[in-house]
$ cat structure-v3.cif   # mmCIF, N, CA and C atoms
data_protein
#
loop_
_atom_site.label_atom_id
_atom_site.label_comp_id
_atom_site.auth_asym_id
_atom_site.auth_seq_id
_atom_site.Cartn_x
_atom_site.Cartn_y
_atom_site.Cartn_z
N MET R 1 92.87 104.80 109.60
CA MET R 1 92.60 104.61 108.19
C MET R 1 93.20 105.78 107.43
N TRP R 2 93.87 105.43 106.36
CA TRP R 2 94.52 106.46 105.56
C TRP R 2 93.63 106.93 104.41
N GLU R 3 92.76 106.07 103.91
CA GLU R 3 91.91 106.47 102.79
C GLU R 3 90.60 105.69 102.84
N GLY R 4 89.49 106.43 102.75
CA GLY R 4 88.16 105.83 102.79
C GLY R 4 87.11 106.94 102.72
N HIS R 5 85.84 106.56 102.90
CA HIS R 5 84.79 107.58 102.91
C HIS R 5 85.01 108.57 104.05
N GLU R 6 85.50 108.06 105.16
CA GLU R 6 85.81 108.87 106.33
C GLU R 6 87.16 108.38 106.84
N MET R 7 88.07 109.28 107.14
CA MET R 7 89.38 108.86 107.59
C MET R 7 89.53 109.08 109.09
N GLY R 8 90.41 108.31 109.69
CA GLY R 8 90.66 108.47 111.12
C GLY R 8 90.96 107.14 111.77
N VAL R 9 90.92 107.14 113.10
CA VAL R 9 91.14 105.94 113.89
C VAL R 9 89.79 105.54 114.48
N PHE R 10 89.43 104.30 114.28
CA PHE R 10 88.14 103.79 114.74
C PHE R 10 88.36 102.76 115.82
N ASP R 11 87.47 102.71 116.79
CA ASP R 11 87.66 101.76 117.89
C ASP R 11 86.87 100.48 117.73
N THR R 12 86.10 100.36 116.63
CA THR R 12 85.40 99.10 116.36
C THR R 12 85.51 98.78 114.87
N TRP R 13 85.44 97.49 114.56
CA TRP R 13 85.46 97.07 113.16
C TRP R 13 84.22 97.60 112.44
N LYS R 14 83.09 97.61 113.11
CA LYS R 14 81.84 98.07 112.49
C LYS R 14 81.97 99.51 112.01
N ALA R 15 82.57 100.37 112.81
CA ALA R 15 82.77 101.77 112.43
C ALA R 15 83.73 101.88 111.25
N CYS R 16 84.80 101.10 111.29
CA CYS R 16 85.76 101.11 110.19
C CYS R 16 85.11 100.59 108.90
N GLU R 17 84.38 99.51 109.03
CA GLU R 17 83.73 98.91 107.87
C GLU R 17 82.80 99.91 107.16
N ARG R 18 82.05 100.70 107.93
CA ARG R 18 81.17 101.71 107.32
C ARG R 18 82.00 102.72 106.52
N ALA R 19 83.19 103.04 107.01
CA ALA R 19 84.03 104.05 106.36
C ALA R 19 84.73 103.53 105.11
N ILE R 20 84.86 102.20 104.97
CA ILE R 20 85.58 101.66 103.81
C ILE R 20 84.68 100.94 102.81
N LYS R 21 83.50 100.55 103.24
CA LYS R 21 82.62 99.75 102.37
C LYS R 21 82.35 100.47 101.06
N ALA R 22 82.59 99.77 99.97
CA ALA R 22 82.37 100.28 98.61
C ALA R 22 83.29 101.44 98.25
N TYR R 23 84.36 101.60 98.99
CA TYR R 23 85.35 102.64 98.64
C TYR R 23 86.50 101.95 97.91
N PRO R 24 86.69 102.27 96.63
CA PRO R 24 87.77 101.62 95.88
C PRO R 24 89.13 102.00 96.46
N SER R 25 89.98 101.02 96.62
CA SER R 25 91.35 101.22 97.10
C SER R 25 91.43 101.80 98.51
N ALA R 26 90.51 101.41 99.37
CA ALA R 26 90.57 101.87 100.77
C ALA R 26 91.87 101.39 101.40
N LYS R 27 92.45 102.22 102.23
CA LYS R 27 93.71 101.89 102.90
C LYS R 27 93.49 101.93 104.40
N TYR R 28 93.55 100.75 105.03
CA TYR R 28 93.27 100.65 106.46
C TYR R 28 94.02 99.46 107.04
N LYS R 29 94.17 99.46 108.34
CA LYS R 29 94.85 98.37 109.04
C LYS R 29 94.47 98.43 110.51
N SER R 30 94.42 97.27 111.14
CA SER R 30 94.16 97.24 112.58
C SER R 30 95.48 97.27 113.34
N PHE R 31 95.43 97.75 114.57
CA PHE R 31 96.60 97.83 115.43
C PHE R 31 96.22 97.30 116.81
N GLU R 32 97.21 96.96 117.59
CA GLU R 32 96.97 96.40 118.92
C GLU R 32 96.38 97.40 119.89
N ASN R 33 96.69 98.69 119.70
CA ASN R 33 96.16 99.68 120.63
C ASN R 33 96.02 101.04 119.93
N ALA R 34 95.32 101.95 120.59
CA ALA R 34 95.05 103.27 120.00
C ALA R 34 96.32 104.08 119.79
N GLU R 35 97.29 103.93 120.68
CA GLU R 35 98.55 104.67 120.54
C GLU R 35 99.26 104.31 119.24
N GLN R 36 99.34 103.02 118.93
CA GLN R 36 99.96 102.58 117.68
C GLN R 36 99.16 103.08 116.48
N ALA R 37 97.85 103.01 116.56
CA ALA R 37 96.99 103.44 115.46
C ALA R 37 97.15 104.93 115.19
N LEU R 38 97.17 105.75 116.24
CA LEU R 38 97.32 107.19 116.06
C LEU R 38 98.68 107.53 115.46
N LYS R 39 99.73 106.87 115.92
CA LYS R 39 101.06 107.10 115.38
C LYS R 39 101.09 106.73 113.89
N ALA R 40 100.55 105.56 113.56
CA ALA R 40 100.55 105.11 112.17
C ALA R 40 99.72 106.03 111.27
N SER R 41 98.64 106.58 111.80
CA SER R 41 97.77 107.44 110.98
C SER R 41 98.49 108.72 110.54
N ARG R 42 99.56 109.08 111.24
CA ARG R 42 100.33 110.28 110.88
C ARG R 42 101.50 109.95 109.95
N GLU R 43 101.67 108.67 109.63
CA GLU R 43 102.75 108.22 108.76
C GLU R 43 102.18 107.74 107.44
N PRO R 44 103.01 107.62 106.41
CA PRO R 44 102.53 107.10 105.13
C PRO R 44 102.01 105.67 105.27
N PHE R 45 100.92 105.36 104.59
CA PHE R 45 100.30 104.05 104.72
C PHE R 45 101.23 102.92 104.32
N TYR R 46 102.10 103.14 103.36
CA TYR R 46 102.94 102.05 102.87
C TYR R 46 103.94 101.55 103.91
N LEU R 47 104.14 102.29 104.96
CA LEU R 47 105.00 101.81 106.05
C LEU R 47 104.31 100.73 106.88
N HIS R 48 103.00 100.60 106.70
CA HIS R 48 102.22 99.69 107.55
C HIS R 48 101.41 98.66 106.78
N ILE R 49 101.24 98.83 105.49
CA ILE R 49 100.38 97.94 104.71
C ILE R 49 101.21 97.18 103.68
N GLY R 50 100.87 95.91 103.49
CA GLY R 50 101.48 95.13 102.42
C GLY R 50 102.86 94.62 102.73
N LYS R 51 103.60 94.31 101.69
CA LYS R 51 104.90 93.67 101.87
C LYS R 51 105.92 94.57 102.53
N ASN R 52 105.69 95.88 102.57
CA ASN R 52 106.63 96.79 103.22
C ASN R 52 106.35 96.97 104.70
N ALA R 53 105.32 96.30 105.19
CA ALA R 53 104.94 96.47 106.61
C ALA R 53 106.01 95.89 107.51
N LYS R 54 106.27 96.59 108.60
CA LYS R 54 107.22 96.13 109.59
C LYS R 54 106.48 95.96 110.90
N PRO R 55 106.75 94.88 111.63
CA PRO R 55 106.04 94.71 112.91
C PRO R 55 106.38 95.81 113.89
N GLN R 56 105.38 96.22 114.64
CA GLN R 56 105.57 97.24 115.67
C GLN R 56 106.09 96.56 116.92
N LYS R 57 107.17 97.07 117.48
CA LYS R 57 107.70 96.51 118.73
C LYS R 57 107.00 97.17 119.90
N SER R 58 106.53 96.36 120.80
CA SER R 58 105.83 96.85 121.98
C SER R 58 106.82 97.20 123.08
N LYS R 59 106.51 98.24 123.84
CA LYS R 59 107.32 98.60 124.99
C LYS R 59 106.96 97.73 126.19
N ASN R 60 105.87 97.00 126.08
CA ASN R 60 105.41 96.14 127.14
C ASN R 60 105.99 94.74 126.95
N PRO R 61 106.88 94.29 127.85
CA PRO R 61 107.50 92.97 127.66
C PRO R 61 106.51 91.82 127.75
N MET R 62 105.33 92.06 128.29
CA MET R 62 104.33 91.01 128.40
C MET R 62 103.47 90.90 127.14
N ALA R 63 103.56 91.89 126.25
CA ALA R 63 102.75 91.87 125.03
C ALA R 63 103.34 90.88 124.05
N GLY R 64 102.46 90.22 123.31
CA GLY R 64 102.81 89.23 122.49
C GLY R 64 103.52 88.93 121.37
#
$ encode --input "structure-v3.cif" --output "C-alpha coordinates"
Amino acid sequence: MWEGHEMGVFDTWKACERAIKAYPSAKYKSFENAEQALKASREPFYLHIGKNAKPQKSKNPMAG
(Lines of atoms letter the chains of each structure in order from A and count residues from 1; the text may use other names and numbers.)
(Lines give C-alpha, C1' and ligand atoms only; values in the text may rest on other atoms or scores of the structure.)
Protein backbone atom coordinates (compact mmCIF):
# COMPACT_ATOMS: atom_id res chain seq x y z
CA MET A 1 0.00 0.00 0.00
CA TRP A 2 1.31 3.38 -0.96
CA GLU A 3 -1.11 5.56 1.00
CA GLY A 4 -3.47 4.83 3.88
CA HIS A 5 -3.78 4.97 7.67
CA GLU A 6 -0.89 2.50 7.79
CA MET A 7 1.40 1.82 4.85
CA GLY A 8 3.17 -1.38 3.90
CA VAL A 9 2.59 -4.84 2.49
CA PHE A 10 -0.22 -6.85 4.05
CA ASP A 11 -0.74 -10.58 3.74
CA THR A 12 -4.53 -10.53 4.18
CA TRP A 13 -7.34 -8.42 2.78
CA LYS A 14 -8.66 -7.89 6.32
CA ALA A 15 -5.38 -6.24 7.40
CA CYS A 16 -5.30 -4.08 4.28
CA GLU A 17 -8.94 -3.10 4.67
CA ARG A 18 -8.29 -1.83 8.22
CA ALA A 19 -5.46 0.34 6.87
CA ILE A 20 -7.55 1.91 4.08
CA LYS A 21 -11.07 2.08 5.50
CA ALA A 22 -12.32 5.68 5.61
CA TYR A 23 -9.00 6.97 4.26
CA PRO A 24 -9.69 9.39 1.39
CA SER A 25 -7.70 8.58 -1.75
CA ALA A 26 -6.12 5.41 -0.39
CA LYS A 27 -3.67 3.88 -2.85
CA TYR A 28 -3.40 0.10 -2.76
CA LYS A 29 -3.31 -2.95 -5.00
CA SER A 30 -3.09 -6.70 -4.64
CA PHE A 31 -0.27 -8.75 -6.14
CA GLU A 32 0.23 -12.44 -6.85
CA ASN A 33 3.04 -12.80 -4.31
CA ALA A 34 4.97 -10.96 -1.60
CA GLU A 35 8.01 -10.44 -3.83
CA GLN A 36 5.96 -8.48 -6.38
CA ALA A 37 4.23 -6.51 -3.63
CA LEU A 38 7.51 -5.52 -1.95
CA LYS A 39 9.05 -4.46 -5.27
CA ALA A 40 5.96 -2.40 -6.16
CA SER A 41 5.88 -0.75 -2.72
CA ARG A 42 9.29 0.80 -3.48
CA GLU A 43 8.08 2.22 -6.80
CA PRO A 44 5.64 5.06 -7.54
CA PHE A 45 2.02 3.93 -7.22
CA TYR A 46 1.06 5.16 -10.68
CA LEU A 47 3.19 2.44 -12.25
CA HIS A 48 0.79 -0.12 -10.80
CA ILE A 49 -2.62 1.53 -10.39
CA GLY A 50 -5.15 2.64 -12.98
CA LYS A 51 -4.78 3.01 -16.71
CA ASN A 52 -0.98 3.24 -16.47
CA ALA A 53 -0.70 -0.19 -14.85
CA LYS A 54 1.39 -2.74 -16.68
CA PRO A 55 1.05 -6.47 -16.07
CA GLN A 56 3.87 -8.05 -14.10
CA LYS A 57 5.61 -10.84 -15.99
CA SER A 58 6.25 -13.90 -13.89
CA LYS A 59 9.56 -15.76 -13.99
CA ASN A 60 7.58 -18.93 -13.38
CA PRO A 61 6.41 -20.39 -16.73
CA MET A 62 3.62 -22.24 -14.93
CA ALA A 63 2.13 -19.04 -13.48
CA GLY A 64 -0.89 -17.77 -15.12
$ atom_distance --input "structure-v3.cif" --atom1 "atom C of Ala15 (chain R)" --atom2 "atom C of Leu38 (chain R)"
16.5 Å
$ closest_residue --input "structure-v3.cif" --among "R:Tyr28, R:Ala22, R:Asn33, R:His48" --to "Gly8 (chain R)" --atoms "only C-alpha atoms"
R:Tyr28
$ residues_near_point --input "structure-v3.cif" --point "(92.8, 97.3, 113.8)" --cutoff "8 Å" --atoms "all atoms listed in the file" --output "list in words"
Phe10, Asp11, Thr12, Trp13, Tyr28, Lys29, Ser30, Phe31, Glu32, Asn33 and Ala37 of chain R
$ closest_residue --input "structure-v3.cif" --among "R:Ala26, R:Ala34, R:Ala19, R:Leu47" --to "His5 (chain R)" --atoms "only C-alpha atoms"
R:Ala19
$ closest_residue --input "structure-v3.cif" --among "R:Gly4, R:Gly50, R:Ala40, R:Val9" --to "Pro24 (chain R)" --atoms "only C-alpha atoms"
R:Gly4
$ atom_distance --input "structure-v3.cif" --atom1 "CA of Glu35 (chain R)" --atom2 "atom C of Tyr23 (chain R)"
25.8 Å
